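One structure is given below, encoded as structure tokens.
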Amino acid sequence: MPMNYHRDMTLDAEDLIQPAESLKRAFQFWRSQFPRHSGPAGPLAKRILQVLAPTLAIVRSIRQGV
């Protein structure tokens with residue numbers, strides 16, 4: 001990241017130590033930059049989460065079954 005980026009607007013490896021607090025800090029920063037914008041809601045918000053959220057599938061291996 002460029003050095004001129006405000007620390008509160010980015011996430012890096014150090015933020016993995018306390019991810020909830022780090023995300024809260026980043027959201028607070030961006031909300032302060034756009035106070036009149038509440039963000040997407042309803043179907044649009046759901047679609048954004050579907051695109052961005054990781055999916056996880058757990059598959060049993062053959063080794064576990066033996």
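Ligands are numbered from 1 in the order shown, chains are lettered A, B, ... in the order of the structure tokens, and residues start at 1 in each chain.
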Please, which residues of chain A, numbered as in this document, come out helix (DSSP H, G or I) from DSSP, as an MDAnalysis selection string?
chainID A and resid 7:9 13:16 19:33 42:52 62:65
d(atom CA of A:Arg7, atom CA of A:Ser22) in Å
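Rounded to one decimal, the two atoms are 10.4 Å apart.
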Fewer than 3 positions away in the same chain doesn't count, so skip those; otherwise give me all residues within 9 Å of stretch 23-40 of chain A, counting only C-alpha atoms, as an mmCIF file with N, CA, C and O atoms, in the first residue's frame.
```
data_model
loop_
_atom_site.group_PDB
_atom_site.id
_atom_site.type_symbol
_atom_site.label_atom_id
_atom_site.label_comp_id
_atom_site.auth_asym_id
_atom_site.auth_seq_id
_atom_site.Cartn_x
_atom_site.Cartn_y
_atom_site.Cartn_z
ATOM 1 N N ARG A 7 -3.883 4.734 7.936
ATOM 2 C CA ARG A 7 -3.827 3.399 8.545
ATOM 3 C C ARG A 7 -5.220 2.822 8.787
ATOM 4 O O ARG A 7 -5.445 1.618 8.631
ATOM 5 N N ASP A 8 -6.165 3.659 9.144
ATOM 6 C CA ASP A 8 -7.507 3.168 9.451
ATOM 7 C C ASP A 8 -8.289 2.718 8.222
ATOM 8 O O ASP A 8 -9.308 2.043 8.360
ATOM 9 N N MET A 9 -7.835 3.067 7.032
ATOM 10 C CA MET A 9 -8.587 2.699 5.832
ATOM 11 C C MET A 9 -8.130 1.381 5.219
ATOM 12 O O MET A 9 -8.708 0.906 4.247
ATOM 13 N N THR A 10 -7.107 0.769 5.789
ATOM 14 C CA THR A 10 -6.564 -0.461 5.221
ATOM 15 C C THR A 10 -6.534 -1.576 6.252
ATOM 16 O O THR A 10 -6.613 -1.346 7.453
ATOM 17 N N LEU A 11 -6.396 -2.782 5.768
ATOM 18 C CA LEU A 11 -6.221 -3.953 6.613
ATOM 19 C C LEU A 11 -4.949 -4.660 6.158
ATOM 20 O O LEU A 11 -4.689 -4.758 4.957
ATOM 21 N N ASP A 15 -3.581 -6.931 11.369
ATOM 22 C CA ASP A 15 -4.995 -6.867 11.727
ATOM 23 C C ASP A 15 -5.600 -8.243 11.978
ATOM 24 O O ASP A 15 -6.695 -8.354 12.523
ATOM 25 N N GLN A 18 -6.401 -9.099 15.832
ATOM 26 C CA GLN A 18 -7.709 -8.723 16.370
ATOM 27 C C GLN A 18 -8.611 -8.325 15.198
ATOM 28 O O GLN A 18 -8.873 -7.148 14.967
ATOM 29 N N PRO A 19 -9.089 -9.318 14.442
ATOM 30 C CA PRO A 19 -9.835 -9.003 13.220
ATOM 31 C C PRO A 19 -11.117 -8.211 13.442
ATOM 32 O O PRO A 19 -11.432 -7.313 12.669
ATOM 33 N N ALA A 20 -11.862 -8.507 14.496
ATOM 34 C CA ALA A 20 -13.125 -7.802 14.729
ATOM 35 C C ALA A 20 -12.873 -6.312 14.959
ATOM 36 O O ALA A 20 -13.547 -5.455 14.370
ATOM 37 N N PRO A 43 -31.867 -6.759 -1.330
ATOM 38 C CA PRO A 43 -31.325 -7.711 -2.298
ATOM 39 C C PRO A 43 -29.905 -7.350 -2.767
ATOM 40 O O PRO A 43 -29.090 -8.234 -2.999
ATOM 41 N N LEU A 44 -29.629 -6.063 -2.904
ATOM 42 C CA LEU A 44 -28.294 -5.655 -3.346
ATOM 43 C C LEU A 44 -27.240 -6.048 -2.306
ATOM 44 O O LEU A 44 -26.189 -6.595 -2.645
ATOM 45 N N ALA A 45 -27.517 -5.827 -1.033
ATOM 46 C CA ALA A 45 -26.580 -6.204 0.021
ATOM 47 C C ALA A 45 -26.369 -7.720 0.035
ATOM 48 O O ALA A 45 -25.244 -8.194 0.181
ATOM 49 N N LYS A 46 -27.437 -8.461 -0.130
ATOM 50 C CA LYS A 46 -27.330 -9.921 -0.145
ATOM 51 C C LYS A 46 -26.474 -10.393 -1.318
ATOM 52 O O LYS A 46 -25.630 -11.272 -1.158
ATOM 53 N N ILE A 48 -24.099 -8.691 -2.867
ATOM 54 C CA ILE A 48 -22.709 -8.305 -2.615
ATOM 55 C C ILE A 48 -22.050 -9.323 -1.696
ATOM 56 O O ILE A 48 -20.919 -9.756 -1.932
#
```
Distance in Å - atom CA of A:Glu21 versus atom CA of A:Gly42
25.5 Å
